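Below: the structure, in structure tokens.
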Amino acid sequence: MTNKKEHDKFVKEFIERKPTRCSKCRGRIRYIGAGRYECFDCGHEEIDDFGKVKAFIDENGSAPAIIISECTGVPEEIINGMLRQGRLEIPEGSNVYIKCEKCGCSIRYGRFCPDCIRNRTNSLKGVFFNPDIGEKPHHEAPQQQDGKMHFLNFDRFK
Ligand SMILES: [Zn+2]
Ligand SMILES: [Zn+2]
């Protein structure tokens with residue numbers, strides 16, 4: 001499935017760009033949440049692409065990926081990748097959306113709209129949850145951050 005390839009490429013790029021050492025003292029850093037890391041030695045805070053984009057959206061509201069990219073220095077593909085993989089969710093009521101890959105209607109995360117997901121799910125009997133589609137597993141409560149943005153499965157990147 002091409003999505004697997006896309007996903008792997010995104011994860012690889014994302015991980016390559018993640019901070020691994022403190023930029024001040026080269027000390028070890030630990031993940032403290034929301035795309036931020038803290039140095040064990042000097043306490044300096046590092047921030048990864050996700051953290052940069054999240055901070056930007058928290059401060060300025062949503063914006064087209066190209067604008068976020070210009071303001072944060074995070075490549076547009078990485079921003080789109082985070083949206084596609086459901087790691088970033090476009091805030092409700094925003095006029096910025098990504099498109100359903102099947103019918104082209106507007107969605108806030110993932111790859112397909114709820115209708116297309118339903119059709120797909122019906123045709124894939126027995127598949128309870130397919131990670132390729134934008135549906136969220138119900139047992140996994142999204143972390144609510146200030147009510148307008150969720151991020152999911154971020155631990156996968158640790
Ligand atoms: Zn340090
Ligand atoms: Zn659709």
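Here's how to read the names in the structure tokens: chain A, B, ... by the order shown, residue numbers from 1 in each chain, ligand numbers from 1 in the order shown.
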### Task
Please extract the residues at most 7 Å from ligand 1, counting only C-alpha atoms and all ligand atoms, and provide them as a PyMOL selection string, using the chain letters and residue numbers of this document.
chain A and resi 22-27+39-44
Preceding selection exported with C-alpha atoms as a PDB file, in the first residue's frame:
```pdb
ATOM      1  CA  CYS A  22      21.090  19.500  23.829  1.00  0.00           C
ATOM      2  CA  SER A  23      22.222  22.200  21.413  1.00  0.00           C
ATOM      3  CA  LYS A  24      23.887  24.107  24.269  1.00  0.00           C
ATOM      4  CA  CYS A  25      25.919  21.454  26.098  1.00  0.00           C
ATOM      5  CA  ARG A  26      25.414  18.320  23.927  1.00  0.00           C
ATOM      6  CA  GLY A  27      23.866  16.654  26.973  1.00  0.00           C
ATOM      7  CA  CYS A  39      18.343  18.700  28.731  1.00  0.00           C
ATOM      8  CA  PHE A  40      19.238  16.499  31.726  1.00  0.00           C
ATOM      9  CA  ASP A  41      22.358  18.543  32.358  1.00  0.00           C
ATOM     10  CA  CYS A  42      21.577  22.206  31.801  1.00  0.00           C
ATOM     11  CA  GLY A  43      17.786  22.246  31.536  1.00  0.00           C
ATOM     12  CA  HIS A  44      17.874  23.874  28.098  1.00  0.00           C
TER      13      HIS A  44
END
```
### Message
To check your reading of the model: which residues sit at most 9 Å from ligand 2 when counting only C-alpha atoms and all ligand atoms? Write the answer as a PyMOL selection string.
### Response
chain A and resi 99-107+111-117
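Interatomic distance, CA of Gly35 in chain A to CA of Asp48 in chain A: 5.4 Å.
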### Message
For His7 in chain A, find every residue with an atom within 10 Å (counting only C-alpha atoms), except residues of its own chain fewer than 2 positions away, and show them as a VMD selection string.
### Response
chain A and resid 2 to 5 9 to 13 81 to 82 84 to 85 132
Please write the residues from the selection above to a file, keeping N, CA and C atoms, as a PDB file, in the first residue's frame.
```
ATOM      1  N   THR A   2       0.574   2.192  -0.880  1.00  0.00           N
ATOM      2  CA  THR A   2       1.451   3.361  -0.999  1.00  0.00           C
ATOM      3  C   THR A   2       1.493   4.163   0.302  1.00  0.00           C
ATOM      4  N   ASN A   3       0.418   4.108   1.059  1.00  0.00           N
ATOM      5  CA  ASN A   3       0.396   4.881   2.289  1.00  0.00           C
ATOM      6  C   ASN A   3       1.477   4.426   3.256  1.00  0.00           C
ATOM      7  N   LYS A   4       1.757   3.146   3.254  1.00  0.00           N
ATOM      8  CA  LYS A   4       2.789   2.591   4.118  1.00  0.00           C
ATOM      9  C   LYS A   4       4.133   3.249   3.778  1.00  0.00           C
ATOM     10  N   LYS A   5       4.407   3.321   2.484  1.00  0.00           N
ATOM     11  CA  LYS A   5       5.644   3.938   2.019  1.00  0.00           C
ATOM     12  C   LYS A   5       5.713   5.407   2.427  1.00  0.00           C
ATOM     13  N   LYS A   9       8.349   7.113   5.010  1.00  0.00           N
ATOM     14  CA  LYS A   9       9.189   8.224   4.575  1.00  0.00           C
ATOM     15  C   LYS A   9       9.015   9.406   5.533  1.00  0.00           C
ATOM     16  N   PHE A  10       7.771   9.652   5.886  1.00  0.00           N
ATOM     17  CA  PHE A  10       7.487  10.750   6.806  1.00  0.00           C
ATOM     18  C   PHE A  10       8.145  10.494   8.164  1.00  0.00           C
ATOM     19  N   VAL A  11       7.973   9.280   8.673  1.00  0.00           N
ATOM     20  CA  VAL A  11       8.529   8.956   9.986  1.00  0.00           C
ATOM     21  C   VAL A  11      10.046   9.088   9.965  1.00  0.00           C
ATOM     22  N   LYS A  12      10.668   8.614   8.868  1.00  0.00           N
ATOM     23  CA  LYS A  12      12.117   8.687   8.733  1.00  0.00           C
ATOM     24  C   LYS A  12      12.579  10.150   8.752  1.00  0.00           C
ATOM     25  N   GLU A  13      11.941  10.975   7.935  1.00  0.00           N
ATOM     26  CA  GLU A  13      12.310  12.391   7.876  1.00  0.00           C
ATOM     27  C   GLU A  13      12.092  13.071   9.212  1.00  0.00           C
ATOM     28  N   GLY A  81       2.582  15.888   6.314  1.00  0.00           N
ATOM     29  CA  GLY A  81       2.732  14.526   6.828  1.00  0.00           C
ATOM     30  C   GLY A  81       2.101  14.379   8.204  1.00  0.00           C
ATOM     31  N   MET A  82       2.335  15.370   9.061  1.00  0.00           N
ATOM     32  CA  MET A  82       1.768  15.306  10.409  1.00  0.00           C
ATOM     33  C   MET A  82       0.245  15.348  10.356  1.00  0.00           C
ATOM     34  N   ARG A  84      -1.584  14.353   7.718  1.00  0.00           N
ATOM     35  CA  ARG A  84      -2.002  13.089   7.100  1.00  0.00           C
ATOM     36  C   ARG A  84      -1.952  11.934   8.080  1.00  0.00           C
ATOM     37  N   GLN A  85      -0.945  11.935   8.933  1.00  0.00           N
ATOM     38  CA  GLN A  85      -0.797  10.828   9.864  1.00  0.00           C
ATOM     39  C   GLN A  85      -1.649  11.038  11.105  1.00  0.00           C
ATOM     40  N   ASP A 132      -4.648   2.894   8.081  1.00  0.00           N
ATOM     41  CA  ASP A 132      -4.517   3.698   6.869  1.00  0.00           C
ATOM     42  C   ASP A 132      -5.630   4.726   6.728  1.00  0.00           C
TER      43      ASP A 132
END
```
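You can rank A:Ile78, A:Arg21, A:Gly33, A:Glu46 by their closest distance to Ala65 in chain A using only C-alpha atoms, and at the top of that list sits A:Ile78.
In this comparison, which uses only C-alpha atoms, the residue of A:Arg87, A:Val53, A:Gly61, A:Tyr31 approaching Pro75 in chain A most closely is A:Val53.
Between Thr72 in chain A and the residues A:Asn119, A:Ile32, A:Glu59, A:Asp49, the shortest atom-to-atom distance, using only C-alpha atoms, involves A:Asp49.
As for CA of Pro64 in chain A and CA of Ile79 in chain A, they are spaced 9.8 Å apart.
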